[in-house]
$ cat work.txt   # compact mmCIF, C-alpha atoms
# COMPACT_ATOMS: atom_id res chain seq x y z
CA MET A 1 -11.45 -14.06 -21.99
CA SER A 2 -11.02 -12.41 -18.61
CA SER A 3 -8.19 -10.02 -17.66
CA GLN A 4 -6.80 -12.76 -15.43
CA ASP A 5 -6.19 -14.81 -18.60
CA THR A 6 -4.48 -11.96 -20.47
CA SER A 7 -2.59 -9.86 -17.93
CA LEU A 8 0.50 -10.70 -15.92
CA THR A 9 -0.51 -8.01 -13.45
CA SER A 10 -3.88 -9.70 -12.95
CA ALA A 11 -2.22 -13.04 -12.25
CA GLU A 12 -0.04 -11.42 -9.60
CA ILE A 13 -3.07 -9.71 -8.07
CA ALA A 14 -4.88 -13.05 -7.91
CA SER A 15 -1.94 -14.69 -6.10
CA GLN A 16 -2.18 -12.41 -3.08
CA PRO A 17 -4.05 -14.67 -0.63
CA GLY A 18 -1.26 -17.25 -0.86
CA VAL A 19 1.43 -14.58 -0.59
CA TRP A 20 -0.26 -13.09 2.46
CA ARG A 21 -0.33 -16.45 4.22
CA ARG A 22 3.44 -16.83 3.77
CA ALA A 23 4.08 -13.24 4.80
CA ALA A 24 1.95 -13.65 7.92
CA ALA A 25 3.98 -16.67 9.00
CA ALA A 26 7.21 -14.73 8.47
CA GLY A 27 5.94 -11.70 10.37
CA ALA A 28 5.68 -13.69 13.57
CA ALA A 29 9.26 -14.99 13.31
CA LEU A 30 11.62 -12.10 12.46
CA PRO A 31 12.65 -10.55 15.79
CA GLU A 32 16.06 -9.46 14.49
CA VAL A 33 14.52 -7.45 11.63
CA LEU A 34 11.30 -5.90 12.88
CA PRO A 35 10.90 -3.09 15.41
CA ARG A 36 10.85 -3.91 19.10
CA ARG A 37 8.11 -2.65 21.37
CA GLY A 38 8.83 0.88 22.58
CA GLU A 39 11.36 1.76 19.88
CA ARG A 40 11.01 5.07 18.08
CA VAL A 41 10.89 4.02 14.44
CA ALA A 42 10.89 5.63 11.00
CA VAL A 43 9.73 3.69 7.96
CA ILE A 44 10.82 4.81 4.48
CA GLY A 45 9.99 3.90 0.92
CA CYS A 46 9.24 5.37 -2.50
CA GLY A 47 5.91 5.35 -4.31
CA THR A 48 3.88 2.30 -3.36
CA SER A 49 6.36 1.36 -0.62
CA TRP A 50 5.95 4.79 0.97
CA PHE A 51 2.18 4.34 1.11
CA MET A 52 2.60 0.92 2.76
CA ALA A 53 5.01 2.55 5.22
CA HIS A 54 2.35 5.12 6.09
CA ALA A 55 -0.27 2.44 6.72
CA TYR A 56 2.10 0.47 8.94
CA ALA A 57 3.23 3.54 10.88
CA VAL A 58 -0.34 4.36 11.85
CA LEU A 59 -1.11 0.74 12.75
CA ARG A 60 1.99 0.41 14.93
CA GLU A 61 1.54 3.68 16.78
CA THR A 62 -2.23 3.25 17.22
CA GLY A 63 -1.64 -0.25 18.55
CA GLY A 64 0.71 1.06 21.24
CA HIS A 65 3.85 -0.62 19.90
CA GLY A 66 5.83 2.62 19.68
CA GLU A 67 6.10 6.04 18.09
CA THR A 68 6.35 5.60 14.34
CA ASP A 69 6.83 7.99 11.42
CA ALA A 70 6.69 7.31 7.67
CA PHE A 71 8.57 9.24 5.00
CA ALA A 72 9.20 9.19 1.31
CA ALA A 73 12.87 8.21 1.34
CA SER A 74 13.88 11.47 -0.36
CA GLU A 75 12.24 13.42 2.50
CA PHE A 76 13.74 11.49 5.41
CA PRO A 77 14.93 13.96 8.12
CA ARG A 78 18.47 12.75 8.72
CA ASP A 79 18.98 15.01 11.74
CA ARG A 80 16.07 13.44 13.64
CA SER A 81 16.74 10.73 16.22
CA TYR A 82 15.29 7.22 15.79
CA ASP A 83 15.97 3.88 17.44
CA ARG A 84 15.50 2.05 14.16
CA VAL A 85 14.82 2.84 10.50
CA VAL A 86 12.95 0.34 8.34
CA ALA A 87 13.09 0.54 4.54
CA ILE A 88 10.61 -1.06 2.15
CA SER A 89 12.01 -1.61 -1.36
CA ARG A 90 10.78 -4.29 -3.75
CA SER A 91 13.79 -4.01 -6.07
CA GLY A 92 16.43 -3.29 -3.42
CA THR A 93 17.99 -0.82 -5.88
CA THR A 94 16.01 2.40 -5.46
CA THR A 95 18.45 5.30 -5.22
CA GLU A 96 16.76 7.33 -2.50
CA VAL A 97 16.35 4.32 -0.20
CA LEU A 98 19.97 3.23 -0.65
CA ASP A 99 21.19 6.76 0.02
CA VAL A 100 19.39 6.86 3.38
CA LEU A 101 20.60 3.41 4.42
CA GLY A 102 24.15 4.28 3.43
CA ALA A 103 24.08 7.53 5.41
CA LEU A 104 22.75 5.76 8.53
CA ARG A 105 25.09 2.77 8.41
CA GLY A 106 26.92 2.38 11.71
CA LYS A 107 24.86 5.17 13.31
CA VAL A 108 21.29 3.86 13.57
CA PRO A 109 20.08 0.23 13.36
CA THR A 110 18.40 -0.31 10.01
CA ALA A 111 16.27 -3.03 8.48
CA ALA A 112 14.83 -3.60 5.03
CA LEU A 113 12.03 -5.55 3.41
CA THR A 114 12.83 -6.49 -0.18
CA ALA A 115 11.97 -9.05 -2.85
CA ASP A 116 15.46 -9.54 -4.32
CA PRO A 117 18.38 -10.89 -2.24
CA ALA A 118 20.93 -10.05 -4.96
CA THR A 119 20.74 -6.27 -4.63
CA PRO A 120 22.63 -3.48 -2.79
CA VAL A 121 20.06 -3.23 0.00
CA MET A 122 21.45 -6.50 1.37
CA ARG A 123 24.78 -4.92 2.26
CA LEU A 124 23.52 -1.50 3.33
CA ALA A 125 20.82 -2.58 5.80
CA ASP A 126 21.80 -4.20 9.09
CA ALA A 127 19.02 -6.79 8.78
CA VAL A 128 16.88 -7.82 5.83
CA ALA A 129 13.65 -9.76 5.36
CA VAL A 130 13.47 -11.19 1.83
CA LEU A 131 9.99 -11.72 0.41
CA ASP A 132 11.19 -13.43 -2.75
CA TYR A 133 7.93 -15.36 -2.95
CA ALA A 134 6.16 -11.99 -3.38
CA ASP A 135 8.41 -10.67 -6.16
CA GLU A 136 6.77 -9.58 -9.37
CA ARG A 137 7.53 -9.46 -13.06
CA SER A 138 5.11 -6.58 -13.53
CA VAL A 139 6.31 -2.99 -13.25
CA VAL A 140 3.16 -2.12 -11.30
CA GLN A 141 3.50 -3.26 -7.68
CA THR A 142 0.69 -5.25 -6.13
CA ARG A 143 1.52 -8.41 -4.18
CA PHE A 144 4.95 -7.37 -2.86
CA ALA A 145 3.54 -4.19 -1.35
CA THR A 146 0.55 -5.86 0.27
CA GLY A 147 2.68 -8.81 1.32
CA ALA A 148 5.12 -6.49 3.09
CA LEU A 149 2.28 -4.76 4.92
CA VAL A 150 0.79 -8.12 5.92
CA LEU A 151 4.17 -9.21 7.30
CA LEU A 152 4.43 -6.04 9.39
CA ARG A 153 0.80 -6.30 10.46
CA ALA A 154 1.23 -9.95 11.47
CA HIS A 155 4.20 -8.96 13.62
CA LEU A 156 2.02 -6.44 15.44
CA GLU A 157 -0.64 -9.09 15.88
CA ALA A 158 1.90 -11.52 17.34
CA GLU A 159 3.06 -8.79 19.74
CA GLY A 160 -0.48 -8.07 20.87
CA ALA A 161 -0.25 -4.62 19.33
CA LEU A 162 -2.76 -4.79 16.50
CA PRO A 163 -5.31 -1.99 17.01
CA VAL A 164 -8.60 -3.34 18.32
CA HIS A 165 -10.55 -2.18 15.26
CA VAL A 166 -8.28 -4.07 12.82
CA ARG A 167 -9.09 -7.66 11.91
CA PRO A 168 -6.65 -10.55 12.36
CA VAL A 169 -4.56 -11.26 9.27
CA GLU A 170 -6.30 -14.62 8.82
CA GLN A 171 -9.58 -12.77 8.27
CA ALA A 172 -7.90 -10.34 5.88
CA VAL A 173 -6.75 -13.31 3.77
CA ALA A 174 -10.28 -14.69 3.63
CA ASP A 175 -11.58 -11.26 2.67
CA ALA A 176 -8.98 -11.02 -0.11
CA GLU A 177 -10.34 -14.24 -1.59
CA THR A 178 -13.80 -12.67 -1.55
CA ALA A 179 -12.44 -9.49 -3.14
CA LEU A 180 -10.98 -11.49 -6.02
CA ALA A 181 -14.34 -13.11 -6.75
CA GLU A 182 -16.61 -10.09 -6.53
CA PRO A 183 -17.74 -8.54 -9.83
CA LEU A 184 -16.88 -4.92 -10.57
CA GLY A 185 -19.77 -3.26 -12.38
CA ALA A 186 -19.87 -0.95 -15.38
CA GLU A 187 -20.43 2.05 -13.11
CA LEU A 188 -16.84 1.48 -11.94
CA THR A 189 -15.08 0.17 -15.05
CA GLY A 190 -16.66 2.87 -17.20
CA ALA A 191 -16.07 5.81 -14.86
CA GLY A 192 -13.94 8.74 -15.96
CA GLN A 193 -12.59 9.87 -12.57
CA PHE A 194 -11.81 8.20 -9.21
CA THR A 195 -11.27 9.69 -5.77
CA PHE A 196 -10.04 7.39 -2.99
CA LEU A 197 -10.47 8.30 0.67
CA GLY A 198 -9.19 6.80 3.91
CA THR A 199 -8.90 7.40 7.63
CA GLY A 200 -5.88 6.58 9.81
CA TRP A 201 -4.00 3.60 8.38
CA THR A 202 -6.41 3.32 5.46
CA TYR A 203 -5.35 6.72 4.11
CA GLY A 204 -2.16 4.99 2.94
CA LEU A 205 -4.34 2.44 1.15
CA ALA A 206 -6.31 5.25 -0.50
CA GLN A 207 -3.10 6.81 -1.77
CA GLU A 208 -1.98 3.45 -3.12
CA ALA A 209 -5.30 2.79 -4.86
CA ALA A 210 -5.05 6.13 -6.63
CA LEU A 211 -1.47 5.37 -7.68
CA LYS A 212 -2.51 2.01 -9.13
CA MET A 213 -5.18 3.68 -11.24
CA ARG A 214 -2.68 6.25 -12.53
CA GLU A 215 0.04 3.70 -13.24
CA ALA A 216 -1.96 0.93 -14.88
CA ALA A 217 -4.76 2.90 -16.52
CA GLY A 218 -3.53 6.48 -16.85
CA ALA A 219 -6.73 7.48 -15.08
CA TRP A 220 -7.61 10.77 -13.43
CA THR A 221 -7.41 9.88 -9.75
CA GLU A 222 -7.04 11.70 -6.45
CA SER A 223 -6.72 10.66 -2.81
CA TYR A 224 -7.44 12.43 0.47
CA PRO A 225 -8.12 11.82 4.15
CA ALA A 226 -11.82 11.04 4.25
CA MET A 227 -12.84 14.08 6.30
CA GLU A 228 -11.01 16.40 3.89
CA TYR A 229 -13.18 15.45 0.92
CA ARG A 230 -15.86 18.02 1.68
CA HIS A 231 -13.22 20.75 2.04
CA GLY A 232 -12.92 21.28 -1.72
CA PRO A 233 -12.38 17.97 -3.54
CA ILE A 234 -16.10 17.18 -3.53
CA SER A 235 -16.50 19.93 -6.12
CA ILE A 236 -15.55 17.48 -8.89
CA THR A 237 -18.11 14.88 -7.87
CA GLY A 238 -20.79 14.07 -10.44
CA PRO A 239 -22.06 11.49 -12.93
CA GLY A 240 -19.37 9.14 -14.19
CA ARG A 241 -17.14 9.85 -11.19
CA VAL A 242 -16.41 7.51 -8.30
CA THR A 243 -15.79 8.24 -4.62
CA TRP A 244 -14.31 5.13 -2.95
CA VAL A 245 -13.83 5.03 0.82
CA PHE A 246 -11.46 2.66 2.62
CA GLY A 247 -12.55 1.99 6.18
CA PRO A 248 -15.07 4.05 8.19
CA VAL A 249 -17.38 6.34 6.23
CA PRO A 250 -17.86 9.88 7.57
CA LYS A 251 -21.47 10.55 8.49
CA GLY A 252 -23.48 11.93 5.58
CA LEU A 253 -20.76 11.54 2.98
CA ALA A 254 -22.55 8.88 0.93
CA GLY A 255 -25.60 11.09 0.61
CA ASP A 256 -23.50 14.11 -0.39
CA VAL A 257 -21.90 12.12 -3.23
CA GLU A 258 -25.08 10.48 -4.44
CA ARG A 259 -27.10 13.73 -4.42
CA VAL A 260 -24.91 15.12 -7.23
CA GLY A 261 -24.90 11.90 -9.25
CA GLY A 262 -21.58 10.42 -8.15
CA THR A 263 -20.98 6.71 -7.55
CA PHE A 264 -20.21 5.94 -3.91
CA VAL A 265 -18.21 2.84 -2.91
CA ALA A 266 -17.68 1.75 0.71
CA ARG A 267 -17.03 -1.97 0.62
CA SER A 268 -14.59 -1.92 3.55
CA ASP A 269 -16.60 -0.16 6.22
CA GLU A 270 -15.97 -2.97 8.70
CA ALA A 271 -18.54 -1.64 11.14
CA ALA A 272 -21.10 -2.47 8.46
CA GLY A 273 -19.70 -5.98 7.95
CA GLY A 274 -17.58 -5.14 4.93
CA LEU A 275 -14.19 -6.40 3.79
CA ASP A 276 -10.89 -5.80 5.50
CA PRO A 277 -9.57 -2.53 3.96
CA LEU A 278 -6.45 -4.26 2.62
CA ALA A 279 -8.69 -6.75 0.84
CA ASP A 280 -10.63 -3.82 -0.57
CA LEU A 281 -7.35 -2.58 -2.05
CA VAL A 282 -7.28 -5.83 -4.03
CA ARG A 283 -10.57 -4.78 -5.59
CA ALA A 284 -9.05 -1.43 -6.54
CA GLN A 285 -6.05 -3.21 -8.08
CA ARG A 286 -8.40 -5.34 -10.17
CA LEU A 287 -10.33 -2.24 -11.21
CA ALA A 288 -7.12 -0.56 -12.40
CA VAL A 289 -6.44 -3.48 -14.74
CA LEU A 290 -9.99 -3.55 -16.06
CA VAL A 291 -10.01 0.20 -16.72
CA ALA A 292 -6.65 -0.05 -18.47
CA GLU A 293 -7.90 -2.80 -20.75
CA ALA A 294 -11.14 -0.94 -21.45
CA ARG A 295 -9.02 1.99 -22.62
CA GLY A 296 -6.85 -0.20 -24.85
CA LEU A 297 -3.82 0.01 -22.54
CA ASP A 298 -1.52 -2.80 -21.44
CA PRO A 299 -1.35 -2.84 -17.61
CA ASP A 300 1.88 -4.85 -17.82
CA ARG A 301 3.59 -2.03 -19.72
CA PRO A 302 2.61 1.26 -18.06
CA ARG A 303 3.70 4.47 -19.72
CA ASN A 304 6.86 6.22 -18.53
CA LEU A 305 7.54 3.72 -15.73
CA THR A 306 10.33 1.30 -14.89
CA ARG A 307 10.55 -1.36 -12.19
CA SER A 308 13.00 0.71 -10.12
CA VAL A 309 14.14 4.33 -10.13
CA ILE A 310 17.95 4.33 -10.23
CA LEU A 311 19.59 7.75 -10.44
CA GLY A 312 23.13 8.53 -11.54
CA ASN A 313 24.45 9.20 -8.04
CA SER A 314 23.25 5.92 -6.52
CA ASP A 315 25.46 3.95 -4.14
CA GLY A 316 24.27 0.84 -5.90
$ encode --input "work.txt" --output "structure tokens"
Amino acid sequence: MSSQDTSLTSAEIASQPGVWRRAAAAGAALPEVLPRRGERVAVIGCGTSWFMAHAYAVLRETGGHGETDAFAASEFPRDRSYDRVVAISRSGTTTEVLDVLGALRGKVPTAALTADPATPVMRLADAVAVLDYADERSVVQTRFATGALVLLRAHLEAEGALPVHVRPVEQAVADAETALAEPLGAELTGAGQFTFLGTGWTYGLAQEAALKMREAAGAWTESYPAMEYRHGPISITGPGRVTWVFGPVPKGLAGDVERVGGTFVARSDEAAGGLDPLADLVRAQRLAVLVAEARGLDPDRPRNLTRSVILGNSDG
């Protein structure tokens, strides 16, 4: 029996192509929620949502749509001036996100992307996009996070502001279907350590891939900008350890990893005809589930985690 027959998380991972199609349609039709061209924007989130915020911020700024910063909500600089602040929160209840939205209310236009319309984010943000079709029962986020990024990416595409090196969302959806069908070999599922690397917007994806492996499988994982890997982190490379690159591969890196016995993965080097990097994240999500199950863990019930972090001083 495959993991997709036994795991709720796997079923949600497998549903992503359909979710992305709906999110892409929404992204082209939400002018009152999404940033306008030329606005100075900050995007906030926690955990997975923060990593999606980082990916979007790089895409938007690189595409010429406007200056864009991304922050963990707890680190948002409240004395800095922005034309709009966008929050990403699956649950709509995360304390740090609600605190920022509450502090900005009436001062700076705010928007939120959430999965649940019956939560405090609805009253604290000036405008909200509800991706209820992307909501999840699993604690571990997969399809909401990628769906939110697809929505934001589709908006850039509709505005003619998608960076030239990034594929249209339609192609990303097709690549996600491929990513769901590709086998993941024993050199990956049996590895003891994983390092994920990215460049530009794909660094956010690398951070998210590492988080998925920690959350679902309790695995030893790290993430870095791709060019930083040889500045120290490569010291842990060796047999039974994986170096996985999202997006362009720095010259010579594959050889450096393979010379010391490491497993090198670069399925989303688009210059070499690979998958869209967001589709490659789907492969990493699948791997997290498989590694969890190989270790006798339940990916639907990760240790020490809850669906939302709600602290005692929350507005909501």
$ residues_around --input "work.txt" --residues "stretch 179-188 of chain A" --least-positions-apart "5" --cutoff "7 Å" --atoms "all atoms listed in the file" --output "tab-separated table (two decimals) with C-alpha atoms, keeping the file's coordinate frame"
chain	number	residue	atom	x	y	z
A	14	ALA	CA	-4.88	-13.05	-7.91
A	279	ALA	CA	-8.69	-6.75	0.84
A	280	ASP	CA	-10.63	-3.82	-0.57
A	282	VAL	CA	-7.28	-5.83	-4.03
A	283	ARG	CA	-10.57	-4.78	-5.59
$ atom_distance --input "work.txt" --atom1 "atom CA of A:Val97" --atom2 "atom CA of A:Gly200"
24.5 Å
$ closest_residue --input "work.txt" --among "A:Val43, A:Val245, A:Ala115, A:Leu205" --to "A:Gly274" --atoms "all atoms listed in the file"
A:Val245
$ closest_residue --input "work.txt" --among "A:Gly252, A:Gly27, A:Glu222, A:Arg167" --to "A:Gly273" --atoms "all atoms listed in the file"
A:Arg167
$ atom_distance --input "work.txt" --atom1 "atom CA of A:Ala226" --atom2 "atom CA of A:Thr199"
5.8 Å
$ residues_near_point --input "work.txt" --point "(-21.6, 3.4, -3.3)" --cutoff "8 Å" --atoms "all atoms listed in the file" --output "PyMOL selection string"
chain A and resi 243-244+254+258+263-266
$ closest_residue --input "work.txt" --among "A:Arg137, A:Arg90, A:His231, A:Arg105" --to "A:Trp50" --atoms "all atoms listed in the file"
A:Arg90
$ atom_distance --input "work.txt" --atom1 "atom CA of A:Arg21" --atom2 "atom CA of A:Leu287"
23.2 Å
$ residues_near_point --input "work.txt" --point "(22.2, -8.8, -6.9)" --cutoff "10 Å" --atoms "all atoms listed in the file" --output "compact mmCIF listing (two decimals) with C-alpha atoms, in the frame of the given file"
# COMPACT_ATOMS: atom_id res chain seq x y z
CA SER A 91 13.79 -4.01 -6.07
CA GLY A 92 16.43 -3.29 -3.42
CA THR A 93 17.99 -0.82 -5.88
CA ASP A 116 15.46 -9.54 -4.32
CA PRO A 117 18.38 -10.89 -2.24
CA ALA A 118 20.93 -10.05 -4.96
CA THR A 119 20.74 -6.27 -4.63
CA PRO A 120 22.63 -3.48 -2.79
CA VAL A 121 20.06 -3.23 0.00
CA MET A 122 21.45 -6.50 1.37
CA GLY A 316 24.27 0.84 -5.90
$ residues_around --input "work.txt" --residues "A:Ala26" --least-positions-apart "5" --cutoff "9 Å" --atoms "all atoms listed in the file" --output "PDB file with C-alpha atoms, in the frame of the given file"
ATOM      1  CA  ARG A  21      -0.330 -16.450   4.220  1.00  0.00           C
ATOM      2  CA  ALA A 129      13.650  -9.760   5.360  1.00  0.00           C
ATOM      3  CA  LEU A 151       4.170  -9.210   7.300  1.00  0.00           C
ATOM      4  CA  ALA A 154       1.230  -9.950  11.470  1.00  0.00           C
ATOM      5  CA  HIS A 155       4.200  -8.960  13.620  1.00  0.00           C
TER       6      HIS A 155
END
$ closest_residue --input "work.txt" --among "A:Ser81, A:Gln193, A:Leu101, A:Val173" --to "A:Pro239" --atoms "all atoms listed in the file"
A:Gln193
$ closest_residue --input "work.txt" --among "A:Val41, A:Ala87, A:Val169, A:Ala210" --to "A:Ala25" --atoms "all atoms listed in the file"
A:Val169
$ residues_around --input "work.txt" --residues "stretch 160-163 of chain A" --least-positions-apart "6" --cutoff "9 Å" --atoms "only C-alpha atoms" --output "short mmCIF file (atom, residue, chain, number, x, y, z; two decimals) with C-alpha atoms, in the coordinates of the input"
data_model
loop_
_atom_site.label_atom_id
_atom_site.label_comp_id
_atom_site.auth_asym_id
_atom_site.auth_seq_id
_atom_site.Cartn_x
_atom_site.Cartn_y
_atom_site.Cartn_z
CA ARG A 37 8.11 -2.65 21.37
CA LEU A 59 -1.11 0.74 12.75
CA ARG A 60 1.99 0.41 14.93
CA GLU A 61 1.54 3.68 16.78
CA THR A 62 -2.23 3.25 17.22
CA GLY A 63 -1.64 -0.25 18.55
CA GLY A 64 0.71 1.06 21.24
CA HIS A 65 3.85 -0.62 19.90
CA ARG A 153 0.80 -6.30 10.46
CA ALA A 154 1.23 -9.95 11.47
#
$ residues_around --input "work.txt" --residues "A:Pro250" --least-positions-apart "2" --cutoff "12 Å" --atoms "only C-alpha atoms" --output "MDAnalysis selection string"
chainID A and resid 197:199 225:230 245:248 252:257 266 269
$ write_last_selection --input "work.txt" --atoms "C-alpha atoms" --output "PDB file, in the coordinates of the input"
ATOM      1  CA  LEU A 197     -10.470   8.300   0.670  1.00  0.00           C
ATOM      2  CA  GLY A 198      -9.190   6.800   3.910  1.00  0.00           C
ATOM      3  CA  THR A 199      -8.900   7.400   7.630  1.00  0.00           C
ATOM      4  CA  PRO A 225      -8.120  11.820   4.150  1.00  0.00           C
ATOM      5  CA  ALA A 226     -11.820  11.040   4.250  1.00  0.00           C
ATOM      6  CA  MET A 227     -12.840  14.080   6.300  1.00  0.00           C
ATOM      7  CA  GLU A 228     -11.010  16.400   3.890  1.00  0.00           C
ATOM      8  CA  TYR A 229     -13.180  15.450   0.920  1.00  0.00           C
ATOM      9  CA  ARG A 230     -15.860  18.020   1.680  1.00  0.00           C
ATOM     10  CA  VAL A 245     -13.830   5.030   0.820  1.00  0.00           C
ATOM     11  CA  PHE A 246     -11.460   2.660   2.620  1.00  0.00           C
ATOM     12  CA  GLY A 247     -12.550   1.990   6.180  1.00  0.00           C
ATOM     13  CA  PRO A 248     -15.070   4.050   8.190  1.00  0.00           C
ATOM     14  CA  GLY A 252     -23.480  11.930   5.580  1.00  0.00           C
ATOM     15  CA  LEU A 253     -20.760  11.540   2.980  1.00  0.00           C
ATOM     16  CA  ALA A 254     -22.550   8.880   0.930  1.00  0.00           C
ATOM     17  CA  GLY A 255     -25.600  11.090   0.610  1.00  0.00           C
ATOM     18  CA  ASP A 256     -23.500  14.110  -0.390  1.00  0.00           C
ATOM     19  CA  VAL A 257     -21.900  12.120  -3.230  1.00  0.00           C
ATOM     20  CA  ALA A 266     -17.680   1.750   0.710  1.00  0.00           C
ATOM     21  CA  ASP A 269     -16.600  -0.160   6.220  1.00  0.00           C
TER      22      ASP A 269
END
$ residues_around --input "work.txt" --residues "A:Tyr56" --least-positions-apart "3" --cutoff "7 Å" --atoms "all atoms listed in the file" --output "PyMOL selection string"
chain A and resi 52-53+59-60+149+152+201
$ closest_residue --input "work.txt" --among "A:Val242, A:Ala292, A:Leu104, A:Ala172" --to "A:Trp20" --atoms "only C-alpha atoms"
A:Ala172
